[in-house]
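Enquirer: The structure is given below, and queries will be raised subsequently.
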Amino acid sequence: MNLPVYLAKRIYNGPALSRQVSRPAVIISMIGIAIGLAVMIIAVSVITGFKSEIRSKVTGFAGHLLVTDVNALAGYESCPIVYNDSLLQVLAAHPQVEHVQRYSQKAGMVKTASSFQGVMVKGVGPDYNAEFLRHHLTAGEFPAFSDTVSSNGVVISQTIADKLQLQLGDKIDTYFFDESMRARKLLVVGIYETHFAAFDGLYVFTDMYMVNRLNHWETDEATGVEVTIKNESALESITYEVGALLNDYTDRYGTHYCAVNVEQLQPAVFSWLEVLDVNIWVILVLMIGIAGFTMIAGLLIIIIERTQMIGVLKSMGANNTTVRHLFLWLSVFLIGRGMLWGNVIGLAFYFLQQYTGIFTLDPTTYYMDTVPVSLSFPVWLLLNIGTLAISVLMLVGPSYIVARIHPANSMRYE
């Protein structure tokens, strides 16, 4: 073991450190490190969890990619595409495509004796992955809807149910308008609630067969195809790759397929999520800055208090580099203790919230009823390594103050 590390350990573990005048400054420095790291862990886990939750809700409704007719993107009225084996083979050929499902939609209105609500009726078939909506059911079930027979069942949101005073098992009147008005009486078989107002206040789900009949479409036609991919981080590049594969394909009506991703369909939501990344960096910079400056103050106080020891070491042949390394290693030990407590506080919050959801939110404002948290091991490790490295680097400059201390002058501090 080299001399600076040995001496730093003796000072750190020795009883003299607890009796020094600098002890309050050392404690404040460690508290600054602990609070800074704890706040960073909490902030990163909450913001990451919030982004993940919002993204999962948007993709839960619409998938990652949408293959449709380009004219269908201009409004609520659907322009059909033909979902045939050729289209399926093109999509399945891409290695990142995980799941493909059809849907048809029709704008309509739900009316009760006292109120009414405009809705988008989304028809789905047996290939539809309803795990997301089943996870958010508050009543009833999300049945396996058919594309060959009508069940007359409908799954509505809690938002619509509250506004129209509907309950599970109620029959509702729905109206659709094109050349003429058509009415359908449907049975409420399920109620879901995602707290995402943009979707909860709009979408109701039923079987694809009924929606296709309302649109006067054939059984192999659909509004579009929702695609789930494996690597969400490569969404942009996969979108262009799938779009390139579809360039040479048309359906029997000569319709050209168009591939768009969920970020292009919901730009406001994802632009908002990108702003949260800026918040993370602001918090990290502020917390590391506060922690670093408290350690600088503590280190300077320790150096001043240890002036006599510095003089003795120099008189025995130690150079400035050796003495600087001594105080830097002592700082590393103190920072490590502060980081230990910071991890205890930050991870305690994370696991408490993860398993109990004790901290709640107003779902009308934040789109969820509990504070979401998400923290991966690599991110946690990077926070710890970054905090330690940056804090030590911030101390390198102040440590050069030992070069100004001369053995002869240090005797006056005796």
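FYI, nothing fancy with the structure tokens labels: chains A, B, ... in order, residues from 1 per chain, ligands from 1 as they appear.
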Would you list, as a ChimeraX atom specification, the residues of stretch 105-351 of chain A that end up in alpha helix (DSSP H) under DSSP run on this structure's backbone?

Expert: /A:131-135,158-164,197-200,208-215,235-246,262-265,267-305,307-315,320-351

Enquirer: Which residues come within 8 Å of A:Tyr192, counting only C-alpha atoms, excluding same-chain residues fewer than 4 positions away, as a list in words?

Expert: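 Contacts, in chain order: Leu133, Arg134, His136, Leu137, Thr138, Ala139, Val155, Ile156, Ser157 and Gln158 of chain A.
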
Enquirer: Could those residues be written to a file, using C-alpha atoms, as a PDB file, in the first residue's frame?

Expert:
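Result written to result_18.pdb:
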ATOM      1  CA  LEU A 133     -56.193  -2.757 -21.766  1.00  0.00           C
ATOM      2  CA  ARG A 134     -56.857  -5.846 -19.638  1.00  0.00           C
ATOM      3  CA  HIS A 136     -56.201  -1.267 -16.894  1.00  0.00           C
ATOM      4  CA  LEU A 137     -59.702  -2.758 -16.582  1.00  0.00           C
ATOM      5  CA  THR A 138     -61.754  -1.441 -13.685  1.00  0.00           C
ATOM      6  CA  ALA A 139     -64.794  -3.620 -14.349  1.00  0.00           C
ATOM      7  CA  VAL A 155     -65.519  -1.814 -23.839  1.00  0.00           C
ATOM      8  CA  ILE A 156     -65.675   1.835 -22.788  1.00  0.00           C
ATOM      9  CA  SER A 157     -63.454   4.027 -20.614  1.00  0.00           C
ATOM     10  CA  GLN A 158     -64.190   5.081 -17.053  1.00  0.00           C
TER      11      GLN A 158
END

Enquirer: I want to know what sits within 12 Å of A:Gly32, based on only C-alpha atoms, with residues of the same chain fewer than 3 positions away left out; could you give that as a tab-separated table (two decimals) with N, CA and C atoms, in the first residue's frame?

Expert:
chain	number	residue	atom	x	y	z
A	25	ALA	N	-17.61	20.57	9.57
A	25	ALA	CA	-17.48	20.76	8.13
A	25	ALA	C	-17.45	19.44	7.39
A	26	VAL	N	-16.78	18.44	7.97
A	26	VAL	CA	-16.72	17.12	7.35
A	26	VAL	C	-18.12	16.50	7.30
A	27	ILE	N	-18.87	16.64	8.40
A	27	ILE	CA	-20.22	16.08	8.44
A	27	ILE	C	-21.11	16.77	7.42
A	28	ILE	N	-21.00	18.10	7.34
A	28	ILE	CA	-21.81	18.84	6.36
A	28	ILE	C	-21.46	18.41	4.94
A	29	SER	N	-20.17	18.18	4.68
A	29	SER	CA	-19.74	17.74	3.35
A	29	SER	C	-20.34	16.38	3.01
A	35	ILE	N	-27.21	13.83	0.29
A	35	ILE	CA	-28.44	14.43	-0.22
A	35	ILE	C	-28.37	14.57	-1.74
A	36	GLY	N	-27.21	14.99	-2.25
A	36	GLY	CA	-27.07	15.14	-3.70
A	36	GLY	C	-27.30	13.84	-4.44
A	37	LEU	N	-26.66	12.76	-3.98
A	37	LEU	CA	-26.82	11.47	-4.66
A	37	LEU	C	-28.24	10.94	-4.49
A	38	ALA	N	-28.81	11.09	-3.29
A	38	ALA	CA	-30.18	10.62	-3.07
A	38	ALA	C	-31.17	11.34	-3.98
A	39	VAL	N	-31.02	12.65	-4.10
A	39	VAL	CA	-31.91	13.42	-4.98
A	39	VAL	C	-31.73	12.99	-6.43
A	286	LEU	N	-26.96	20.48	-10.90
A	286	LEU	CA	-27.13	21.22	-9.65
A	286	LEU	C	-26.70	20.38	-8.44
A	287	MET	N	-27.13	19.11	-8.40
A	287	MET	CA	-26.81	18.28	-7.24
A	287	MET	C	-25.32	17.96	-7.16
A	288	ILE	N	-24.71	17.64	-8.31
A	288	ILE	CA	-23.27	17.37	-8.29
A	288	ILE	C	-22.50	18.64	-7.94
A	289	GLY	N	-22.95	19.78	-8.43
A	289	GLY	CA	-22.30	21.04	-8.09
A	289	GLY	C	-22.37	21.33	-6.60
A	290	ILE	N	-23.55	21.15	-6.00
A	290	ILE	CA	-23.72	21.40	-4.56
A	290	ILE	C	-22.85	20.43	-3.76
A	291	ALA	N	-22.90	19.15	-4.14
A	291	ALA	CA	-22.10	18.15	-3.42
A	291	ALA	C	-20.61	18.46	-3.55
A	292	GLY	N	-20.17	18.82	-4.75
A	292	GLY	CA	-18.76	19.10	-4.98
A	292	GLY	C	-18.28	20.31	-4.20
A	293	PHE	N	-19.06	21.37	-4.15
A	293	PHE	CA	-18.63	22.58	-3.45
A	293	PHE	C	-18.63	22.39	-1.94
A	294	THR	N	-19.54	21.57	-1.41
A	294	THR	CA	-19.47	21.29	0.03
A	294	THR	C	-18.22	20.49	0.36
A	295	MET	N	-17.83	19.58	-0.54
A	295	MET	CA	-16.59	18.83	-0.32
A	295	MET	C	-15.37	19.72	-0.44
A	296	ILE	N	-15.40	20.69	-1.35
A	296	ILE	CA	-14.28	21.63	-1.47
A	296	ILE	C	-14.10	22.41	-0.17
A	297	ALA	N	-15.21	22.90	0.37
A	297	ALA	CA	-15.14	23.64	1.63
A	297	ALA	C	-14.60	22.75	2.75
A	298	GLY	N	-15.07	21.51	2.81
A	298	GLY	CA	-14.59	20.59	3.84
A	298	GLY	C	-13.11	20.28	3.69
A	334	LEU	N	-14.27	10.02	2.55
A	334	LEU	CA	-15.41	10.79	3.06
A	334	LEU	C	-16.56	10.83	2.06
A	335	ILE	N	-16.22	11.00	0.77
A	335	ILE	CA	-17.25	10.98	-0.27
A	335	ILE	C	-17.94	9.62	-0.31
A	337	ARG	N	-18.40	7.55	2.15
A	337	ARG	CA	-19.36	7.41	3.25
A	337	ARG	C	-20.65	8.18	2.94
A	338	GLY	N	-20.49	9.39	2.40
A	338	GLY	CA	-21.68	10.15	2.03
A	338	GLY	C	-22.49	9.46	0.95
A	339	MET	N	-21.81	8.86	-0.03
A	339	MET	CA	-22.51	8.14	-1.10
A	339	MET	C	-23.24	6.92	-0.56
A	341	TRP	N	-24.72	6.62	2.36
A	341	TRP	CA	-25.99	7.08	2.91
A	341	TRP	C	-26.92	7.61	1.82
A	342	GLY	N	-26.34	8.22	0.80
A	342	GLY	CA	-27.16	8.68	-0.32
A	342	GLY	C	-27.86	7.52	-1.03
A	387	THR	N	-20.78	10.55	-9.79
A	387	THR	CA	-20.70	11.39	-8.59
A	387	THR	C	-19.32	11.34	-7.96
A	391	SER	N	-16.80	14.59	-8.21
A	391	SER	CA	-16.48	15.19	-6.91
A	391	SER	C	-14.98	15.22	-6.67

Enquirer: List the neighbours of stretch 253-256 of chain A out to 7 Å using only C-alpha atoms; skip same-chain residues closer than 3 positions along the sequence, and give me the result as an mmCIF file with N, CA and C atoms, in the first residue's frame.

Expert:
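Contents of part.cif, as written:
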data_model
loop_
_atom_site.group_PDB
_atom_site.id
_atom_site.type_symbol
_atom_site.label_atom_id
_atom_site.label_comp_id
_atom_site.auth_asym_id
_atom_site.auth_seq_id
_atom_site.Cartn_x
_atom_site.Cartn_y
_atom_site.Cartn_z
ATOM 1 N N ASP A 69 -53.230 3.614 -45.054
ATOM 2 C CA ASP A 69 -53.293 4.466 -46.233
ATOM 3 C C ASP A 69 -52.939 5.887 -45.806
ATOM 4 N N ILE A 81 -57.247 -0.248 -46.159
ATOM 5 C CA ILE A 81 -56.212 -0.982 -46.873
ATOM 6 C C ILE A 81 -56.572 -2.458 -46.787
ATOM 7 N N TYR A 249 -45.179 -2.228 -52.773
ATOM 8 C CA TYR A 249 -46.377 -3.040 -52.594
ATOM 9 C C TYR A 249 -47.629 -2.161 -52.614
ATOM 10 N N THR A 250 -48.656 -2.642 -53.271
ATOM 11 C CA THR A 250 -49.979 -2.006 -53.266
ATOM 12 C C THR A 250 -51.015 -3.096 -53.063
#

Enquirer: Pick out the residues sitting within 6 Å of A:Tyr203, and hand them over as an mmCIF file with N, CA and C atoms, in the first residue's frame; count only C-alpha atoms, and ignore anything fewer than 3 positions along from it in its own chain.

Expert:
data_model
loop_
_atom_site.group_PDB
_atom_site.id
_atom_site.type_symbol
_atom_site.label_atom_id
_atom_site.label_comp_id
_atom_site.auth_asym_id
_atom_site.auth_seq_id
_atom_site.Cartn_x
_atom_site.Cartn_y
_atom_site.Cartn_z
ATOM 1 N N VAL A 119 -67.331 9.653 -29.917
ATOM 2 C CA VAL A 119 -66.343 8.608 -29.655
ATOM 3 C C VAL A 119 -65.728 8.131 -30.960
ATOM 4 N N MET A 120 -64.610 7.442 -30.840
ATOM 5 C CA MET A 120 -64.014 6.724 -31.945
ATOM 6 C C MET A 120 -64.153 5.237 -31.632
ATOM 7 N N PHE A 199 -56.929 9.658 -24.768
ATOM 8 C CA PHE A 199 -57.445 8.403 -25.300
ATOM 9 C C PHE A 199 -58.688 7.939 -24.550
#

Enquirer: Extract, using only C-alpha atoms, all DNA, RNA and protein residues at most 9 Å from stretch 375-383 of chain A, discarding same-chain residues fewer than 6 positions from it, and format them as a list in words.

Expert: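 Once the adjacent positions are removed, what remains is Leu37, Met40, Ile41, Val44, Ser45, Val46, Thr48, Gly49 and Tyr350 of chain A.
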
Enquirer: So what do you get for atom CA of A:Val67 versus atom CA of A:Val242, distance-wise?

Expert: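 About the pair atom CA of A:Val67 and atom CA of A:Val242: they are 9.0 Å apart.
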
Enquirer: Which of stretch 75-250 of chain A end up as strand (DSSP E or B) when DSSP is run on this backbone - answer as JSON, numbers by chain?

Expert: {"A": [81, 82, 97, 98, 99, 100, 101, 102, 103, 104, 105, 106, 107, 108, 109, 110, 111, 116, 117, 118, 119, 120, 121, 122, 123, 124, 137, 138, 139, 140, 153, 154, 155, 156, 157, 171, 172, 173, 174, 175, 176, 177, 181, 182, 183, 184, 185, 186, 187, 188, 189, 190, 191, 192, 203, 204, 205, 206, 207, 221, 222, 224, 225, 226, 227, 228, 229, 250]}

Enquirer: Please, what distance in Å, to one decimal, runs between atom CA of A:Ala389 and atom CA of A:Ala8?

Expert: 18.0 Å

Enquirer: Could you check how far atom CA of A:Met394 sits from atom CA of A:Pro4, in Å to one decimal?

Expert: 18.9 Å

Enquirer: Using only C-alpha atoms, which of the listed residues (A:Phe196, A:Tyr12, A:Tyr175, A:Tyr209) sits closest to A:Tyr103?

Expert: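 That would be A:Tyr209, the residue with the smallest distance to A:Tyr103.
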
Enquirer: Find, counting only C-alpha atoms, the residue in A:Asn129, A:Asn152, A:Thr356, A:Ser146 that gets nearest to A:Thr370.

Expert: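 Comparing A:Asn129, A:Asn152, A:Thr356, A:Ser146 against A:Thr370, the winner is A:Thr356.
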
Enquirer: Tell me, as JSON, numbers by chain, which residues lie within 8 Å of A:Asp127, counting only C-alpha atoms; anything in the same chain fewer than 3 positions away does not count.

Expert: {"A": [100, 101, 102, 124]}
